[in-house]
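Engineer: If you scroll down you'll find the structure; I have some questions about it.
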Amino acid sequence: MEIRVERLTEDNFNSHSLDNFIRHQVVTECWRNVDGNWILLPISFVEEWSLDKCREEASAIANNLYGDMIDYGAFEETYLIGYITVGTKRLGTNGQYVQLVTFQVSEPFRGMGVGRKLFEKAAGAAKEHGAKKLYISAHSSKESQAAYKALGCVHAEEIIPWIADEEPFDVQMEYVL
């Protein structure tokens with residue numbers, strides 16, 4: 001299986017590019033900050049995107065391909081199997097961050113290095129835009145946190161309130177470039 005990672009453009013991405021994407025995750029445990037301590041709690045749910053949700057996500061990306069974000073996709077032949085988006089606006093009290101806006105790998109391709117390839121592209125783009133760190137509002141599931149930690153991400157030194165408020169159960173993380 002040959003995976004190629006490339007910048008998303010109107011030539012390789014459109015509002016139907018996620019039609020075969022499988023966003024499915026069975027969650028049984030999540031990290032929560034309880035009285036200043038991070039603990040793993042038994043929280044169970046299933047995240048699954050419908051075709052309509054996939055198209056909504058694809059449309060949002062397609063509509064901003066040449067805006068203030070940089071998007072990369074991982075492809076197996078013509079199928080998009082993962083994608084990542086990095087903002088270009090500098091954040092933080094010293095402008096040290098750019099935001100990792102979205103990061104998804106289709107379920108059948110997880111654990112195969114696809115996410116690492118995408119993450120490296122995003123980190124490179126952030127560095128090119130003068131950031132010192134990526135800012136990540138990361139899913140709190142045990143598996144998602146393990147994946148981010150394996151990439152070298154840690155708890156954010158500075159919390160960006162408007163990002164943290166959007167997903168109050170996410171773990172605010174950073175990656176030093």
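By order in the structure tokens, chains are A, B, ...; within a chain, residues start at 1; ligands start at 1, following the order shown.
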Name the residues in contact with region 97-103 of chain A at a cut-off of 9 Å, using only C-alpha atoms, excluding same-chain residues fewer than 5 positions from it; report them as an mmCIF file with N, CA and C atoms, in the first residue's frame.
Structural biologist:
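Saved to out.cif:
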data_model
loop_
_atom_site.group_PDB
_atom_site.id
_atom_site.type_symbol
_atom_site.label_atom_id
_atom_site.label_comp_id
_atom_site.auth_asym_id
_atom_site.auth_seq_id
_atom_site.Cartn_x
_atom_site.Cartn_y
_atom_site.Cartn_z
ATOM 1 N N MET A 69 -5.979 28.782 6.152
ATOM 2 C CA MET A 69 -5.608 27.479 6.675
ATOM 3 C C MET A 69 -4.843 26.706 5.610
ATOM 4 N N GLY A 82 -6.965 10.267 5.099
ATOM 5 C CA GLY A 82 -6.655 11.085 6.268
ATOM 6 C C GLY A 82 -6.447 12.516 5.836
ATOM 7 N N TYR A 83 -6.644 13.437 6.770
ATOM 8 C CA TYR A 83 -6.421 14.851 6.459
ATOM 9 C C TYR A 83 -6.107 15.614 7.725
ATOM 10 N N ILE A 84 -5.453 16.742 7.523
ATOM 11 C CA ILE A 84 -5.049 17.592 8.640
ATOM 12 C C ILE A 84 -5.111 19.042 8.181
ATOM 13 N N THR A 85 -5.502 19.917 9.082
ATOM 14 C CA THR A 85 -5.611 21.342 8.769
ATOM 15 C C THR A 85 -4.902 22.143 9.849
ATOM 16 N N VAL A 86 -4.084 23.088 9.398
ATOM 17 C CA VAL A 86 -3.366 23.982 10.301
ATOM 18 C C VAL A 86 -3.762 25.409 9.970
ATOM 19 N N GLY A 87 -4.090 26.174 11.003
ATOM 20 C CA GLY A 87 -4.372 27.587 10.801
ATOM 21 C C GLY A 87 -3.068 28.350 10.608
ATOM 22 N N THR A 88 -3.166 29.534 10.044
ATOM 23 C CA THR A 88 -1.964 30.351 9.858
ATOM 24 C C THR A 88 -1.946 31.563 10.787
ATOM 25 N N LYS A 89 -3.058 31.808 11.468
ATOM 26 C CA LYS A 89 -3.136 32.934 12.403
ATOM 27 C C LYS A 89 -2.349 32.582 13.666
ATOM 28 N N ARG A 90 -1.505 33.502 14.087
ATOM 29 C CA ARG A 90 -0.692 33.274 15.281
ATOM 30 C C ARG A 90 -1.528 33.519 16.534
ATOM 31 N N LEU A 91 -1.352 32.649 17.509
ATOM 32 C CA LEU A 91 -2.112 32.679 18.759
ATOM 33 C C LEU A 91 -1.161 32.652 19.949
ATOM 34 N N GLY A 92 -1.720 32.952 21.118
ATOM 35 C CA GLY A 92 -0.935 32.920 22.350
ATOM 36 C C GLY A 92 -0.417 34.304 22.695
ATOM 37 N N GLY A 115 -1.217 8.992 10.199
ATOM 38 C CA GLY A 115 -1.325 10.170 11.053
ATOM 39 C C GLY A 115 0.015 10.851 11.277
ATOM 40 N N LEU A 118 0.957 12.877 8.194
ATOM 41 C CA LEU A 118 0.162 14.101 8.137
ATOM 42 C C LEU A 118 0.639 15.110 9.173
ATOM 43 N N PHE A 119 0.884 14.630 10.382
ATOM 44 C CA PHE A 119 1.312 15.504 11.473
ATOM 45 C C PHE A 119 2.637 16.181 11.132
ATOM 46 N N ALA A 122 1.975 19.026 8.806
ATOM 47 C CA ALA A 122 1.365 20.145 9.525
ATOM 48 C C ALA A 122 2.403 20.886 10.352
ATOM 49 N N ALA A 123 3.275 20.157 11.015
ATOM 50 C CA ALA A 123 4.323 20.782 11.822
ATOM 51 C C ALA A 123 5.245 21.610 10.937
ATOM 52 N N ALA A 126 3.444 24.822 9.995
ATOM 53 C CA ALA A 126 3.394 25.743 11.138
ATOM 54 C C ALA A 126 4.733 26.450 11.325
ATOM 55 N N HIS A 129 5.352 29.189 8.945
ATOM 56 C CA HIS A 129 4.592 30.398 9.261
ATOM 57 C C HIS A 129 5.084 31.069 10.541
ATOM 58 N N GLY A 130 6.243 30.670 11.017
ATOM 59 C CA GLY A 130 6.886 31.350 12.128
ATOM 60 C C GLY A 130 6.439 30.923 13.512
ATOM 61 N N ALA A 131 5.611 29.892 13.598
ATOM 62 C CA ALA A 131 5.156 29.443 14.920
ATOM 63 C C ALA A 131 6.267 28.664 15.618
ATOM 64 N N LYS A 132 6.204 28.666 16.916
ATOM 65 C CA LYS A 132 7.132 27.876 17.734
ATOM 66 C C LYS A 132 6.473 26.572 18.188
ATOM 67 N N LYS A 133 5.105 26.595 18.179
ATOM 68 C CA LYS A 133 4.371 25.433 18.674
ATOM 69 C C LYS A 133 3.052 25.285 17.927
ATOM 70 N N LEU A 134 2.579 24.053 17.855
ATOM 71 C CA LEU A 134 1.208 23.787 17.413
ATOM 72 C C LEU A 134 0.324 23.792 18.648
ATOM 73 N N TYR A 135 -0.858 24.368 18.549
ATOM 74 C CA TYR A 135 -1.843 24.341 19.628
ATOM 75 C C TYR A 135 -2.943 23.370 19.208
ATOM 76 N N ILE A 136 -3.266 22.432 20.092
ATOM 77 C CA ILE A 136 -4.192 21.357 19.745
ATOM 78 C C ILE A 136 -5.270 21.220 20.812
ATOM 79 N N SER A 137 -6.510 21.297 20.391
ATOM 80 C CA SER A 137 -7.632 20.955 21.260
ATOM 81 C C SER A 137 -7.968 19.511 20.917
ATOM 82 N N GLU A 174 -0.054 20.939 23.185
ATOM 83 C CA GLU A 174 0.842 21.657 22.291
ATOM 84 C C GLU A 174 1.934 20.698 21.810
#
Engineer: Give me the residues of region 129-166 of chain A that have any atom at most 8 Å from an atom of region 29-39 of chain A; for each, the nearest atom pair and the distance in Å, rounded to one decimal. Use only C-alpha atoms, sort by chain and number, and format it as a tab-separated table.
Structural biologist:
residue	atom	partner	partner_atom	distance
A:Ser140	CA	A:Cys30	CA	5.2
A:Ser141	CA	A:Cys30	CA	4.2
A:Lys142	CA	A:Cys30	CA	5.4
Engineer: If DSSP is run on the backbone, what residues of region 15-156 of chain A are helix (DSSP H, G or I)? A reply as an MDAnalysis selection string would be ideal.
Structural biologist: chainID A and resid 51:62 107:109 114:128 142:150
Engineer: From a DSSP calculation on the backbone, collect every residue of region 10-141 of chain A in strand (DSSP E) and output the set as a count of residues only.
Structural biologist: 50
Engineer: Between CA of Arg23 (chain A) and CA of Arg116 (chain A), what distance in Å does the model show, to one decimal?
Structural biologist: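 Computing it gives 17.5 Å between the two atoms.
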Engineer: Quick one: residues within 7 Å of Glu47 (chain A), only C-alpha atoms, excluding same-chain residues fewer than 6 positions away - as a ChimeraX atom specification?
Structural biologist: /A:24-26
Engineer: Got time to write the residues from that selection, C-alpha atoms, as a CSV table (one decimal), in the first residue's frame?
Structural biologist:
chain,number,residue,atom,x,y,z
A,24,HIS,CA,-15.8,5.8,13.7
A,25,GLN,CA,-14.5,5.5,17.2
A,26,VAL,CA,-15.7,3.4,20.1
Engineer: May I ask for the distance between CA of Val176 (chain A) and CA of Gly124 (chain A), given in Å to one decimal place?
Structural biologist: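 Those two atoms sit 11.3 Å apart.
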Engineer: Determine, counting only C-alpha atoms, which protein, DNA and RNA residues have an atom within 9 Å of an atom of region 50-52 of chain A; residues of the same chain fewer than 3 positions away are not included. Present the result as a PyMOL selection string.
Structural biologist: chain A and resi 18-23+55-57
Engineer: Could you tell me how far CA of Ala62 (chain A) lies from CA of Leu80 (chain A), in Å and to one decimal?
Structural biologist: 13.4 Å
Engineer: Which residues of region 34-64 of chain A sit at most 10 Å from region 3-14 of chain A, using only C-alpha atoms? Give each one's shortest atom pair and distance in Å (one decimal place), in chain and ascending residue order, as a tab-separated table.
Structural biologist:
residue	atom	partner	partner_atom	distance
A:Arg55	CA	A:Asn14	CA	9.1
A:Ala58	CA	A:Asn14	CA	6.6
A:Ser59	CA	A:Asn14	CA	6.9
A:Ala60	CA	A:Asn14	CA	9.7
A:Ile61	CA	A:Asn14	CA	8.2
A:Ala62	CA	A:Asn14	CA	5.6
A:Asn63	CA	A:Asn14	CA	8.8
A:Asn64	CA	A:Thr9	CA	9.9
Engineer: If you count only C-alpha atoms, which residues fall within 12 Å of Lys149 (chain A), apart from same-chain ones fewer than 2 positions away, as a PyMOL selection string?
Structural biologist: chain A and resi 116+136+138+140+142-147+151-155+171+173-175
Engineer: Save out the residues we just selected, C-alpha atoms, as a compact mmCIF listing (two decimals), in the first residue's frame.
Structural biologist:
# COMPACT_ATOMS: atom_id res chain seq x y z
CA ARG A 116 2.40 10.63 11.67
CA ILE A 136 -4.19 21.36 19.75
CA ALA A 138 -7.47 17.16 21.38
CA SER A 140 -10.03 13.29 25.47
CA LYS A 142 -7.75 7.27 25.95
CA GLU A 143 -6.85 6.26 22.38
CA SER A 144 -6.71 9.81 20.98
CA GLN A 145 -4.58 10.99 23.89
CA ALA A 146 -2.20 8.04 23.43
CA ALA A 147 -1.85 8.92 19.73
CA LEU A 151 3.60 12.15 18.39
CA GLY A 152 5.29 14.16 21.16
CA CYS A 153 2.40 16.38 22.22
CA VAL A 154 2.10 17.53 25.84
CA HIS A 155 -0.40 19.57 27.87
CA VAL A 171 -7.51 18.27 26.36
CA MET A 173 -2.18 20.31 24.11
CA GLU A 174 0.84 21.66 22.29
CA TYR A 175 3.67 20.37 20.16
